[in-house]
There are 2 protein chains.
Amino acid sequence: MDNNGFCNDSYNSGTSDDELLDLTGTLEFPDDVPPMNHDYNSAVLNNGIGNRHQNGAGKLMDLMDETVPGVGTYEDFNTIDWVREKSKDRDRHREITNKKTQSTWDLLFSVSDAFSGWLLMLLIGLLSGALAGGIDISAQWMTDLKGGVCLNGFRYSHEHCCWSSRETTFQERDKCPQWKSWAELFGAPEGASAYVVNYLMYVSWALLFSFLAVTLVRVFAPYACGSGIPEIKTILSGFIIRGYLGKWTLIIKTVTLVLAVSSGLSLGKEGPLVHVACCCANIFCYLFTKYRKNEAKRREVLSAAAAVGVSVAFGAPIGGVLFSLEEVSYYFPLKTLWRSFFAALVAAFTLRAINPFGNSRLVLFYVEFHNPWHLLELVPFILLGIFGGLWGAAFIRANIAWCRRRKTTRLGHYPVLEVLLVTLTTAVLAFPNEYTRMSSSELISELFNDCSLLDSSKLCDYANANVTISKVGNGLSNRAAGRGLFTAIWELCLALLFKMVITVFTFGMKVPSGLFIPSMAVGAIAGRLLGIGMEQLAYYNHEWDVFKGWCSEGADCITPGLYAMVGAAACLGGVTRMTVSLVVIMFELTGGLEYIVPLMVATMTSKWVADALGREGIYEAHIRLNGYPFLEPKEEFKHKTLAVDVMRPRRGDGPLAMLTRSGMTVGEVEALVDDTSYNGFPVVVSKDSQWLVGFVLRRDLVISLDNARKHQEGVVSESCVLFTEHTPSQPPNELPPVKLRSILDLSPFTVTDQTPMEIVVDIFRKLGLRQCLVTQNGRLLGIITKKDILKHMAQMANRDPESILFN
Amino acid sequence: MDNNGFCNDSYNSGTSDDELLDLTGTLEFPDDVPPMNHDYNSAVLNNGIGNRHQNGAGKLMDLMDETVPGVGTYEDFNTIDWVREKSKDRDRHREITNKKTQSTWDLLFSVSDAFSGWLLMLLIGLLSGALAGGIDISAQWMTDLKGGVCLNGFRYSHEHCCWSSRETTFQERDKCPQWKSWAELFGAPEGASAYVVNYLMYVSWALLFSFLAVTLVRVFAPYACGSGIPEIKTILSGFIIRGYLGKWTLIIKTVTLVLAVSSGLSLGKEGPLVHVACCCANIFCYLFTKYRKNEAKRREVLSAAAAVGVSVAFGAPIGGVLFSLEEVSYYFPLKTLWRSFFAALVAAFTLRAINPFGNSRLVLFYVEFHNPWHLLELVPFILLGIFGGLWGAAFIRANIAWCRRRKTTRLGHYPVLEVLLVTLTTAVLAFPNEYTRMSSSELISELFNDCSLLDSSKLCDYANANVTISKVGNGLSNRAAGRGLFTAIWELCLALLFKMVITVFTFGMKVPSGLFIPSMAVGAIAGRLLGIGMEQLAYYNHEWDVFKGWCSEGADCITPGLYAMVGAAACLGGVTRMTVSLVVIMFELTGGLEYIVPLMVATMTSKWVADALGREGIYEAHIRLNGYPFLEPKEEFKHKTLAVDVMRPRRGDGPLAMLTRSGMTVGEVEALVDDTSYNGFPVVVSKDSQWLVGFVLRRDLVISLDNARKHQEGVVSESCVLFTEHTPSQPPNELPPVKLRSILDLSPFTVTDQTPMEIVVDIFRKLGLRQCLVTQNGRLLGIITKKDILKHMAQMANRDPESILFN
């Protein structure tokens, strides 16, 4: 019941208490910040003295913390109220602006406050870039460790080892005497036994790495598993998962990401890098009061961090920013756009300074194509788009079905065993095939590559006689496939099948796992195969009408590498449903506007095909699987229901739980709170005339009443609770009332009962509401929360409304 | 009083009736579409029969049009209600989706409806690209016409003429015997008299072009003047200016843009191209019901068109999309992002197919730099940023002051004379200086250019002895300034001064005028001068500590072209306050991520400096000058006022004009409408218990009552007006009531009186409201319109609240 492959399962079900304990026992929660008062009209509770005129913003905050600890904060697994958070920040900002003329210190404080956002971005960029560089270098080294060691130094990777060797020729640049495979090291005789030794070592290392990864994740940071993007999307939309972006998650995710990638599993590091960058951002937020204490401001920073993650993953800063804008972010003001861009650039340049790929390139897959594409080639590109869409939709279905099975059956009880089994299968099947043995990113690199004359790859093994003839120019013309290419084709077909199947089982296991690279690998293989096919077709049939004019004899007219690239974009598009950001990332890889059109056509086709088969991308599907309260900003609400159909109480339910602005006692309020589990209560004029006065949150109410009982003299259950501004005159010998005006939100959002739900949904999305009150002719009728909306939407889509788990 | 240099002045003041007549007389208004019913609960008025079940969407629309013509449309110079428009579209979409299973025809209709957006984008891209190409070619030819003619053919431009000539060497590629200057043509003797003849011809042509431009604008399409971006921003935010994007504006703007650019005035074509693209979009919207009848949907298309405009102006599709997102658009859903990108690409490729620059390049200024920049160079880049910011702020102030003067004094009564005078001054002063005589875009091209050995430009005239020594590599090293360079420096200084002054007077005249190119020119000159200065400093002082290590003797370490580029970005940033889009546009020009950092540093500095001196960019300043109702989405609302302080009626005003849901007669309602000028009226339960029921718009009310009087039998002033669903039982001999439930908006937005204005402003911005009702404990208290908010904001900023002119 507790293993859906996502970290969140630890709180999905009540059965996994041990894991939850684990989590709360070993992790510190950076999110658990000292609380602060939130109300715009905030006067210090209980003593009624306004605190607006105290000196020193820090001091002010402290004072407020002291008076009502906890008011204005959120509980774990709850949704924030964006409007409240933004008001809080505006208050803070106003405070600082007003004071900046008072003293030099205040002026300095105001300036430093204004620039703290930029400083934060700089720090995030630097740390994320450095971490990404470290991950790249370590993963490279450990991946090579599966094959052998360097005698010059244990710490050298294969490529690094042979760089320093003089006996390497350019053609055979990955062969040098200093690099020993395990068979050579153990002195196994050449031939079959050497193969077996290498095979065994490969599998053993893979198992060791994946075992370490899954164990570390389980023991130290359960949140470190998976890609993290579904959770980050949910967090950015206003949900709170404490510890998800904490320092333990960061450390463990960084380490286990290296292990998982090195183990040769069919997973990538792109999604997890976004998670890592967000962790960095969250941790750095602790340095600045502005961001530490405000959930909305922190989410702005996290949006920028998501851009940073993609920027370092692909070396594509603009693509990263657009990815954050299109795919991840919920609230993305223009200020954030500009800052994200800055952070993404800093990160990209930090990564380049570290130079993990050893080629001074910013980008993961650098490609340079020499030939333009022909209009007729759009047909195969569209075919690739269709393939990408079909595969994307199929993958999502299969993966979700498998994850659901893992979540609901006994299968999920043995995550370590599962990881080991999948690793074993992957390693055993992958080793014999050259294209699955190499890491996915190397594979993609090779597939994207345009064959040049000096290439020793099997993919570039064209019939030799022709090669020598056509040495004019940089390209190869007259390409009849050679023996090597035929082998490569078979191996690629097997690799394609293998990757398509194994990725379904890999994504969602309890190790860090990204989906970008495996999807791109599938697409790149399919694309390259189609490209080679087209090339051979054109070579053998250049007299056909379709090829005449642009593909005459001896001309080098088809670039299989471009097909691979288009295929990669199509598959990634089918799985994630990204559009602009995907095209821009790919554009940043090639740097040529020319190739945007093929990419665009394929991405568009792929999205349309995939959308026709299932509306959700993989991240949305996982969000739904886990029951997160995420209100998709892209999807239109299509039904014709009204607010009155969705609000609580429903017809037949009891009356709405509400408070009156005066006349209730502490005991009555506490009883109401205890009897219900609502997150907040509307406050009305009186029981008889239910005109809405305001709204008070359960958490604030409980904390304030507790506080009053503890610190205010003479508060008993019979004391009056007042939400009014002025205390009604009362006999002096009566009990002093508990004044709760300061926690009352006097501007709750209201809609009329006749408001179409499409407008209500729009309001919730755009303003980031947590709840909204429903009135009819001014009279309070009910309440709609985000959860109600999500449940209603699930119901309208014929899904179980109880699948929404959190508030 | 009526000439502020912007087209809008024709409705700014009551004095220019002649122009307004002109306008309404000669132009057709494509915006004036057949109206349609809007309400979600729409039942056909008067007969009470629901029309939801009629077949054929088109038929349905027609029927609705017939019944209540005009309901749901807007008057000129009014603001649309985004929520209403979006609801309308969702209704339409639901209708089509529900029906698509009924017949093949309906299915086809549904599919074509889904794809109409893409088709529209394709058409906009194609036409805009073609128009941009035509404008480029004609402007080039007419600019050259000022200097001379081609003997091979009158229609050839200078460069084109010499291409076909064989007697041209590469060094002297712009000299060929076929190209005759006017002096040569008229047989004037060499020397002074030839110079005078050329001078006179240059000035005459310039005057002729500008006279034609201003006359055409005045006679045929007053809206065609200016850059158009402030108006487009306002339109996109929901304002209606009929005819501003009509076909006459398109034709005249295209023609006069060519004339204005060719006349040599200090203006560019970038802003106007955005206007042209938006006109194309608006006109094509007429082909599709979906867009023709819905103001919100049309604005989505216009947002994409703005991206297309910048895409064709600079050959920067991604930059264009970001420009639209950052600078122009108000409502930019992700779907629009993707479509904009598509349209921008189509336009860019259409332009490339036309190939107006004759170099197969997509971009306006193609640059390739060979040297990396050094970290210490950030100091001059920051200096350029400061210059850009200072100039930007100064320019905005000076230009606004001048435009205000034009608007308020007699100066504005003679727009033709003004244009002729400015053209005369420009031409007379520009001709003697080589750098002002050439068109601004040629100047920028030359300034961006990195000197290569083959360059014949004066800017590349380094001391010759050294050049021959250092012919190694592609660059020039050991650059001591030669005589030509010294001349160039002086000429550039004069050109800088000239451009800085004349642009202030040019921008805002009654001809199409963009600001991108002039700002960039100013910045490029300043940057190049600083670059040359740095270069010479480094050359003569390479033993200084700062230059050691990266700028040793003989090394080619400073690229003056890069400085020009950075300067251009800084000045453009200072004027427009663009950030990301500016950097991305510049990045697309160079294609190298390396140079993003200098650009970013300069843009950032420039924005900060300029913002410190004045918060508004040039477009916002012009919007404010013209009193458009534009709610800036970027600026935070900083004050602590509450809704109750802003709403009408103010304290001391009379009571709020409102209707009751029953009990009022037609005569009473008409009297209320006649007595007030409000745009809408809240409907309450009764005069005594003012609980809010709904909201009805003035226009809908007037039209419906007129309609009832005309078409419904027995309607007299004493007839009852009913906003309720059920007719109260009444004696059979009484007059039949007029039922207006269908025009009643049952879900008006409400806020409580205690809501902080910052939240109200946020709601207005994010939801695109036109008005919002204010309640206190459920009771209707007042109303806040967009205009009230803008007036309040003006008041809080110590400006005249009456400067907001429109609703």
# chains A, B, ... in the order shown; residues from 1 in each chain; ligands from 1
>>> closest_atom_pairs(of="chain B", to="chain A", cutoff="7 Å", atoms="only C-alpha atoms", output="JSON lines")
{"residue": "B:Arg94", "atom": "CA", "partner": "A:Lys638", "partner_atom": "CA", "distance": 6.9}
{"residue": "B:Glu326", "atom": "CA", "partner": "A:Leu334", "partner_atom": "CA", "distance": 6.7}
{"residue": "B:Leu334", "atom": "CA", "partner": "A:Glu326", "partner_atom": "CA", "distance": 6.7}
{"residue": "B:Trp338", "atom": "CA", "partner": "A:Val580", "partner_atom": "CA", "distance": 5.8}
{"residue": "B:Thr579", "atom": "CA", "partner": "A:Trp338", "partner_atom": "CA", "distance": 6.8}
{"residue": "B:Val580", "atom": "CA", "partner": "A:Trp338", "partner_atom": "CA", "distance": 5.8}
{"residue": "B:Gly591", "atom": "CA", "partner": "A:Gly591", "partner_atom": "CA", "distance": 6.9}
{"residue": "B:Lys638", "atom": "CA", "partner": "A:Arg94", "partner_atom": "CA", "distance": 6.9}
{"residue": "B:Trp691", "atom": "CA", "partner": "A:Asn777", "partner_atom": "CA", "distance": 5.2}
{"residue": "B:Leu692", "atom": "CA", "partner": "A:Asn777", "partner_atom": "CA", "distance": 5.1}
{"residue": "B:Val693", "atom": "CA", "partner": "A:Asn777", "partner_atom": "CA", "distance": 5.3}
{"residue": "B:Leu746", "atom": "CA", "partner": "A:Gln754", "partner_atom": "CA", "distance": 6.0}
{"residue": "B:Ser747", "atom": "CA", "partner": "A:Thr755", "partner_atom": "CA", "distance": 4.7}
{"residue": "B:Phe749", "atom": "CA", "partner": "A:Val751", "partner_atom": "CA", "distance": 6.7}
{"residue": "B:Thr750", "atom": "CA", "partner": "A:Thr750", "partner_atom": "CA", "distance": 6.7}
{"residue": "B:Val751", "atom": "CA", "partner": "A:Phe749", "partner_atom": "CA", "distance": 6.8}
{"residue": "B:Thr752", "atom": "CA", "partner": "A:Ser747", "partner_atom": "CA", "distance": 5.5}
{"residue": "B:Gln754", "atom": "CA", "partner": "A:Ser747", "partner_atom": "CA", "distance": 5.9}
{"residue": "B:Thr755", "atom": "CA", "partner": "A:Ser747", "partner_atom": "CA", "distance": 4.7}
{"residue": "B:Lys766", "atom": "CA", "partner": "A:Lys766", "partner_atom": "CA", "distance": 6.3}
{"residue": "B:Asn777", "atom": "CA", "partner": "A:Leu692", "partner_atom": "CA", "distance": 5.1}
{"residue": "B:Gly778", "atom": "CA", "partner": "A:Gly778", "partner_atom": "CA", "distance": 4.0}
{"residue": "B:Arg779", "atom": "CA", "partner": "A:Gly778", "partner_atom": "CA", "distance": 6.2}
>>> residues_around(residues="segment 254-264 of chain B", least_positions_apart="6", cutoff="8 Å", atoms="only C-alpha atoms", output="number ranges by chain")
B: 131, 135-136, 138-140, 142-143, 205-210, 212-214, 216-217, 272, 276, 423, 426-427, 437, 439, 511-513
>>> select_by_dssp(residues="segment 407-641 of chain A", states="alpha helix (DSSP H)", output="count of residues only")
140
>>> residues_around(residues="Leu485 of chain A", least_positions_apart="2", cutoff="10 Å", atoms="only C-alpha atoms", output="list in words")
Ser457, Lys458, Leu459, Cys460, Asp461, Tyr462, Ala463, Ala480, Ala481, Gly482, Arg483, Thr487, Ala488, Ile489, Trp490, Glu491 and Ile532 of chain A
>>> atom_distance(atom1="atom CA of Glu446 of chain A", atom2="atom CA of Val367 of chain A")
9.9 Å
>>> residues_around(residues="Lys687 of chain B", least_positions_apart="5", cutoff="10 Å", atoms="only C-alpha atoms", output="PyMOL selection string")
chain B and resi 658-661+663
>>> atom_distance(atom1="atom CA of Ser303 of chain A", atom2="atom CA of Val274 of chain A")
10.0 Å
>>> residues_around(residues="Leu429 of chain A", least_positions_apart="4", cutoff="12 Å", atoms="only C-alpha atoms", output="list in words")
Tyr199, Tyr202, Val203, Gly264, Leu265, Ser266, Val422, Thr423, Leu424, Thr425, Asn433, Glu434, Tyr435, Thr436, Arg437, Leu494, Ala495, Leu497, Phe498, Lys499, Val501 and Ile502 of chain A
>>> residues_around(residues="Gly654 of chain A", least_positions_apart="5", cutoff="12 Å", atoms="only C-alpha atoms", output="PyMOL selection string")
chain A and resi 648-649+676+782
>>> atom_distance(atom1="atom CA of Leu123 of chain A", atom2="atom CA of Cys279 of chain A")
12.3 Å
>>> closest_residue(among="A:Leu496, A:Val416, A:Met586, A:Val522", to="Gly567 of chain A", atoms="only C-alpha atoms")
A:Val522
>>> closest_residue(among="A:His160, A:Met664, A:Arg699, A:Val197", to="Ser677 of chain A", atoms="only C-alpha atoms")
A:Arg699
>>> decode(residues="segment 377-431 of chain A", atoms="C-alpha atoms", output="mmCIF file, in the first residue's frame")
data_model
loop_
_atom_site.group_PDB
_atom_site.id
_atom_site.type_symbol
_atom_site.label_atom_id
_atom_site.label_comp_id
_atom_site.auth_asym_id
_atom_site.auth_seq_id
_atom_site.Cartn_x
_atom_site.Cartn_y
_atom_site.Cartn_z
ATOM 1 C CA GLU A 377 11.482 15.846 -45.446
ATOM 2 C CA LEU A 378 8.630 17.248 -43.414
ATOM 3 C CA VAL A 379 6.802 13.982 -44.169
ATOM 4 C CA PRO A 380 9.248 11.801 -42.216
ATOM 5 C CA PHE A 381 9.414 14.495 -39.552
ATOM 6 C CA ILE A 382 5.658 14.327 -39.154
ATOM 7 C CA LEU A 383 5.924 10.545 -38.969
ATOM 8 C CA LEU A 384 8.424 10.961 -36.167
ATOM 9 C CA GLY A 385 6.001 13.329 -34.484
ATOM 10 C CA ILE A 386 3.272 10.711 -34.696
ATOM 11 C CA PHE A 387 5.607 8.085 -33.298
ATOM 12 C CA GLY A 388 6.580 10.426 -30.474
ATOM 13 C CA GLY A 389 2.957 11.150 -29.668
ATOM 14 C CA LEU A 390 1.967 7.499 -29.718
ATOM 15 C CA TRP A 391 4.891 6.447 -27.610
ATOM 16 C CA GLY A 392 4.364 9.316 -25.190
ATOM 17 C CA ALA A 393 0.723 8.426 -24.641
ATOM 18 C CA ALA A 394 1.471 4.720 -24.373
ATOM 19 C CA PHE A 395 4.327 5.319 -21.985
ATOM 20 C CA ILE A 396 2.215 7.474 -19.710
ATOM 21 C CA ARG A 397 -0.545 4.881 -19.567
ATOM 22 C CA ALA A 398 1.789 1.981 -18.964
ATOM 23 C CA ASN A 399 3.854 3.827 -16.392
ATOM 24 C CA ILE A 400 0.822 5.080 -14.480
ATOM 25 C CA ALA A 401 -0.742 1.612 -14.531
ATOM 26 C CA TRP A 402 2.477 0.141 -13.171
ATOM 27 C CA CYS A 403 2.838 2.844 -10.512
ATOM 28 C CA ARG A 404 -0.759 2.331 -9.445
ATOM 29 C CA ARG A 405 -0.108 -1.381 -9.177
ATOM 30 C CA ARG A 406 2.975 -0.689 -7.097
ATOM 31 C CA LYS A 407 0.921 1.571 -4.889
ATOM 32 C CA THR A 408 -1.984 -0.788 -4.322
ATOM 33 C CA THR A 409 -0.428 -4.250 -4.224
ATOM 34 C CA ARG A 410 2.254 -5.944 -2.137
ATOM 35 C CA LEU A 411 4.740 -5.149 -4.862
ATOM 36 C CA GLY A 412 5.332 -1.777 -3.280
ATOM 37 C CA HIS A 413 6.521 -3.218 -0.011
ATOM 38 C CA TYR A 414 9.903 -4.162 -1.333
ATOM 39 C CA PRO A 415 11.353 -1.085 -2.982
ATOM 40 C CA VAL A 416 14.979 -2.176 -2.538
ATOM 41 C CA LEU A 417 14.336 -5.529 -4.083
ATOM 42 C CA GLU A 418 12.460 -3.888 -6.926
ATOM 43 C CA VAL A 419 15.333 -1.551 -7.695
ATOM 44 C CA LEU A 420 17.824 -4.401 -7.574
ATOM 45 C CA LEU A 421 15.705 -6.543 -9.864
ATOM 46 C CA VAL A 422 15.246 -3.785 -12.412
ATOM 47 C CA THR A 423 18.948 -2.982 -12.243
ATOM 48 C CA LEU A 424 19.832 -6.611 -12.735
ATOM 49 C CA THR A 425 17.538 -6.915 -15.737
ATOM 50 C CA THR A 426 18.820 -3.666 -17.186
ATOM 51 C CA ALA A 427 22.468 -4.546 -16.696
ATOM 52 C CA VAL A 428 22.154 -8.107 -17.981
ATOM 53 C CA LEU A 429 20.261 -7.065 -21.086
ATOM 54 C CA ALA A 430 22.220 -3.899 -21.689
ATOM 55 C CA PHE A 431 25.776 -5.162 -21.635
#
